[in-house]
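Below: the structure, in structure tokens.
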2 protein chains.
Amino acid sequence: MSLIVTGSIGIDTVVTPSQRAENVLGGSCVYFAAAASFFTPVRLVAAVGDDFPDEHMAVFQHFKIDTAGLEKRAGSRTFRWTGQYRKNMNDRDTLEVQTNVLAEALPAVPEAFRDSRFVFLANTHPAGQMQLLENFPSASLVVADTMDLWINTAQPELRQLLQKIDGLVLNDSEATLLTGETNMVAASNEIIKSGPKFVVIKKGEHGCLLNHADGLAVLHAYPALNVVDPTGAGDSFAGGMMGHLASVDRIDLPAIRRALAYGTIVASFNIESFSLDRLKEISRKDIDQRLEEFTECVRFD
Amino acid sequence: MSLIVTGSIGIDTVVTPSQRAENVLGGSCVYFAAAASFFTPVRLVAAVGDDFPDEHMAVFQHFKIDTAGLEKRAGSRTFRWTGQYRKNMNDRDTLEVQTNVLAEALPAVPEAFRDSRFVFLANTHPAGQMQLLENFPSASLVVADTMDLWINTAQPELRQLLQKIDGLVLNDSEATLLTGETNMVAASNEIIKSGPKFVVIKKGEHGCLLNHADGLAVLHAYPALNVVDPTGAGDSFAGGMMGHLASVDRIDLPAIRRALAYGTIVASFNIESFSLDRLKEISRKDIDQRLEEFTECVRFD
């Protein structure tokens, strides 16, 4: 089933305690789209500047992502982000942001994309997310991501968005910021009262919690030893999750549970390299093999 | 199969953001023993002072704990601890400690306890843990807990202990302190190189990680909404774990995985009240029911 993602494309510089990657491909919808592409065809709506290099464009071809909605805007520059991870590889500091094209008009949604059934609004200003959402009248599942910046600066718009979406994905500190609750069950209960039918709280190396009208789910993360760069872990998690749901064309609780496991596994590959390097090396078979290993890891029957 | 626990008994005062409990029964081996008692008969070796109230003694009878090794020492005072939880209910500050009887001679191990097969050395000075261990020549499984204090002040003795035990239980920050590793897979690998066949890293609300010669296991915690007092969560987790292993008389990886789930569930009840109040209300049936609910919560097949 058709899956579409809207969001940011970035040129990232990432510094970890032991390594550095300069001007690599990043951005929320890039990690999402690559991760989802293992499960289902993916359409992408985003804007870059005319500085966006061809070698990065080739990555979309590798993952067979439909880039009819990728606008290379003349006279604009691509969003750029520089971040540095601390020793624990979880906390990071943003060293520099150049908003560039993200501060301009939203990209146009091609007419051919209006029939998209599974919609993921990756992290951008909630007013922009709502505007983009208007282009998908046939959507059967709409899930959005958000971040602390919008909770702090655009909460009225974010609360409007919450009433228009089926699911929200955010991390634990953001869930606390949005609700004032430090207990994740309580926080997710509060968010559900604000609109969405389900909430997925991402907890990085600790896993995730799903609060859904039909029940709760919790899943520990894959126990990863080889963590090179956590950038995009949350977006690739969401991509694996939505990719699976679109591929089975289901949105019930058991399907979402399975989707969380796929998201967990794709994210575990993503963090094994900078940018999309590891995801470029693997196939669906690698994902299924690691899922099998992970299933063994979490079973207790 | 016979399960024995050695460790501390305390009179605790616990302050949370919304409540306060004065002079309640606590201590590592108390939480452990109560939790384990749902699965198997439990023997206890510990010392209290002559200030130890009869009402607390009655709690051991409630859980049918064999207190032949509980020494009420004339002229001594019971260990006392006062702690305060922060708003997130995870971080806590110790406001006062009176070591009292814990600074004196170790309690004697009754002759009748020397045939114990499953041994848990709850948190005390590692030199004391080693000395107590000498009383159990028939042990088929020896597991110890430790804490930051001993890693900082008695690491040589702790490293000796690691070579004499089968399993170590500790929390994530302690694992980092002991090994210098912030990645829990790496930290547990390092600990296994120091001696024990397996390590269980407790991560509070995030669950636990098991590193065993035969494989890894990870388990998210039970998604608890009602957290009144986290004191004793780790000890009741260990109690549920060891209680299950002793009851099935197995120490293989699948058995330990199942044991982690039982530990998770007993701990989830323990935190619903101060002291042992919630554990006093429940039965094995309640544990099995919640385990079934939890199984549903973590499945993704």
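Ordering of the structure tokens sets the chain letters (A, B, ...), residue numbers begin anew at 1 in every chain, and ligands are numbered from 1 in the order given.
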With a distance threshold of 9 Å and counting only C-alpha atoms, extract the residues of chain B near chain A and express them as a VMD selection string.
-> chain B and resid 87 to 89 181 to 186 203 206 to 209 215 to 225 227 254 to 261 294 to 301
List every residue of segment 72-135 of chain B that DSSP, applied to the backbone of this structure, places in alpha helix (DSSP H), and write the result as a PyMOL selection string.
-> chain B and resi 126-133
Would you list, as a count of residues only, the residues of segment 19-267 of chain A that end up in strand (DSSP E or B) under DSSP run on this structure's backbone?
-> 66
Which residues come within 12 Å of segment 282-285 of chain B, counting only C-alpha atoms, excluding same-chain residues fewer than 3 positions away, as a ChimeraX atom specification?
-> /B:34-40,62-63,240,243-244,262,265-266,268-270,272-273,276-279,288-292
Atoms kept (N, CA and C atoms) for selection, written as a tab-separated table (two decimals), in the first residue's frame:
```tsv
chain	number	residue	atom	x	y	z
B	34	ALA	N	10.83	-11.71	50.54
B	34	ALA	CA	9.37	-11.64	50.35
B	34	ALA	C	9.02	-11.99	48.90
B	35	ALA	N	9.78	-11.42	47.96
B	35	ALA	CA	9.51	-11.67	46.54
B	35	ALA	C	9.72	-13.14	46.19
B	36	ALA	N	10.80	-13.73	46.68
B	36	ALA	CA	11.11	-15.12	46.35
B	36	ALA	C	10.12	-16.09	46.98
B	37	SER	N	9.51	-15.68	48.09
B	37	SER	CA	8.63	-16.58	48.83
B	37	SER	C	7.38	-16.98	48.04
B	38	PHE	N	7.05	-16.25	46.98
B	38	PHE	CA	5.91	-16.64	46.14
B	38	PHE	C	6.21	-17.87	45.31
B	39	PHE	N	7.50	-18.22	45.23
B	39	PHE	CA	7.93	-19.29	44.33
B	39	PHE	C	8.48	-20.51	45.04
B	40	THR	N	9.09	-20.30	46.21
B	40	THR	CA	9.84	-21.38	46.86
B	40	THR	C	10.08	-21.01	48.32
B	62	HIS	N	4.45	-13.83	57.83
B	62	HIS	CA	3.46	-13.72	56.75
B	62	HIS	C	3.96	-14.40	55.47
B	63	PHE	N	5.24	-14.17	55.14
B	63	PHE	CA	5.80	-14.73	53.90
B	63	PHE	C	6.41	-16.12	54.13
B	240	GLY	N	12.26	-12.47	42.77
B	240	GLY	CA	11.39	-13.19	41.84
B	240	GLY	C	12.20	-14.07	40.90
B	243	GLY	N	13.80	-16.92	43.00
B	243	GLY	CA	12.72	-17.78	43.48
B	243	GLY	C	12.24	-18.72	42.39
B	244	HIS	N	12.06	-18.18	41.18
B	244	HIS	CA	11.64	-19.03	40.07
B	244	HIS	C	12.69	-20.10	39.77
B	262	TYR	N	9.53	-13.16	35.69
B	262	TYR	CA	8.92	-13.23	37.03
B	262	TYR	C	9.45	-12.12	37.93
B	265	ILE	N	7.74	-8.88	37.13
B	265	ILE	CA	6.35	-8.80	37.59
B	265	ILE	C	6.30	-8.58	39.11
B	266	VAL	N	7.08	-9.32	39.87
B	266	VAL	CA	7.05	-9.12	41.33
B	266	VAL	C	7.48	-7.69	41.67
B	268	SER	N	7.08	-5.11	39.88
B	268	SER	CA	6.02	-4.17	39.49
B	268	SER	C	4.94	-4.08	40.57
B	269	PHE	N	4.72	-5.17	41.30
B	269	PHE	CA	3.79	-5.09	42.45
B	269	PHE	C	4.45	-4.34	43.60
B	270	ASN	N	5.72	-4.65	43.84
B	270	ASN	CA	6.41	-4.06	44.99
B	270	ASN	C	6.35	-2.54	45.00
B	272	GLU	N	4.15	-0.59	44.04
B	272	GLU	CA	2.81	-0.01	44.17
B	272	GLU	C	2.50	0.44	45.60
B	273	SER	N	3.43	0.23	46.52
B	273	SER	CA	3.20	0.68	47.91
B	273	SER	C	4.55	0.91	48.58
B	276	LEU	N	6.65	-3.52	52.29
B	276	LEU	CA	6.14	-4.77	51.72
B	276	LEU	C	4.63	-4.76	51.59
B	277	ASP	N	4.01	-3.60	51.77
B	277	ASP	CA	2.55	-3.53	51.89
B	277	ASP	C	1.83	-4.19	50.72
B	278	ARG	N	2.29	-3.93	49.49
B	278	ARG	CA	1.59	-4.49	48.34
B	278	ARG	C	1.86	-5.98	48.22
B	279	LEU	N	3.11	-6.38	48.45
B	279	LEU	CA	3.42	-7.82	48.36
B	279	LEU	C	2.63	-8.62	49.40
B	288	ASP	N	0.90	-14.51	38.40
B	288	ASP	CA	0.73	-15.22	37.14
B	288	ASP	C	-0.23	-14.49	36.20
B	289	GLN	N	-1.26	-13.86	36.78
B	289	GLN	CA	-2.18	-13.09	35.95
B	289	GLN	C	-1.49	-11.91	35.30
B	290	ARG	N	-0.69	-11.20	36.10
B	290	ARG	CA	0.00	-10.03	35.53
B	290	ARG	C	1.07	-10.46	34.54
B	291	LEU	N	1.67	-11.62	34.77
B	291	LEU	CA	2.66	-12.12	33.81
B	291	LEU	C	1.99	-12.38	32.46
B	292	GLU	N	0.76	-12.91	32.52
B	292	GLU	CA	0.02	-13.16	31.29
B	292	GLU	C	-0.27	-11.85	30.55
```
Which of these residues is nearest to Leu102 of chain A, using only C-alpha atoms: A:Ala233, A:Ala47, A:Val228, A:Ala33?
->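 So, comparing all the options, the nearest one is A:Ala47.
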Point out the residue among B:Arg43, B:His212, B:Arg73, B:His56 with the least atom-to-atom distance to Met1 of chain B, counting only C-alpha atoms.
->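 Selected residue with least distance to Met1 of chain B: B:Arg43.
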Would you mind listing what lies within 12 Å of Ile165 of chain A as a PyMOL selection string, with only C-alpha atoms counted and same-chain residues fewer than 2 positions away left out?
-> chain A and resi 118-121+126+129-130+133-134+136+139-145+158-163+167-169+191-192+194-199
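The spacing separating atom CA of Asn171 of chain A from atom CA of Lys202 of chain B amounts to 21.4 Å.
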Calculate how many Å separate atom CA of Asn135 of chain B from atom CA of Glu111 of chain B, rounding to one decimal.
-> 8.7 Å
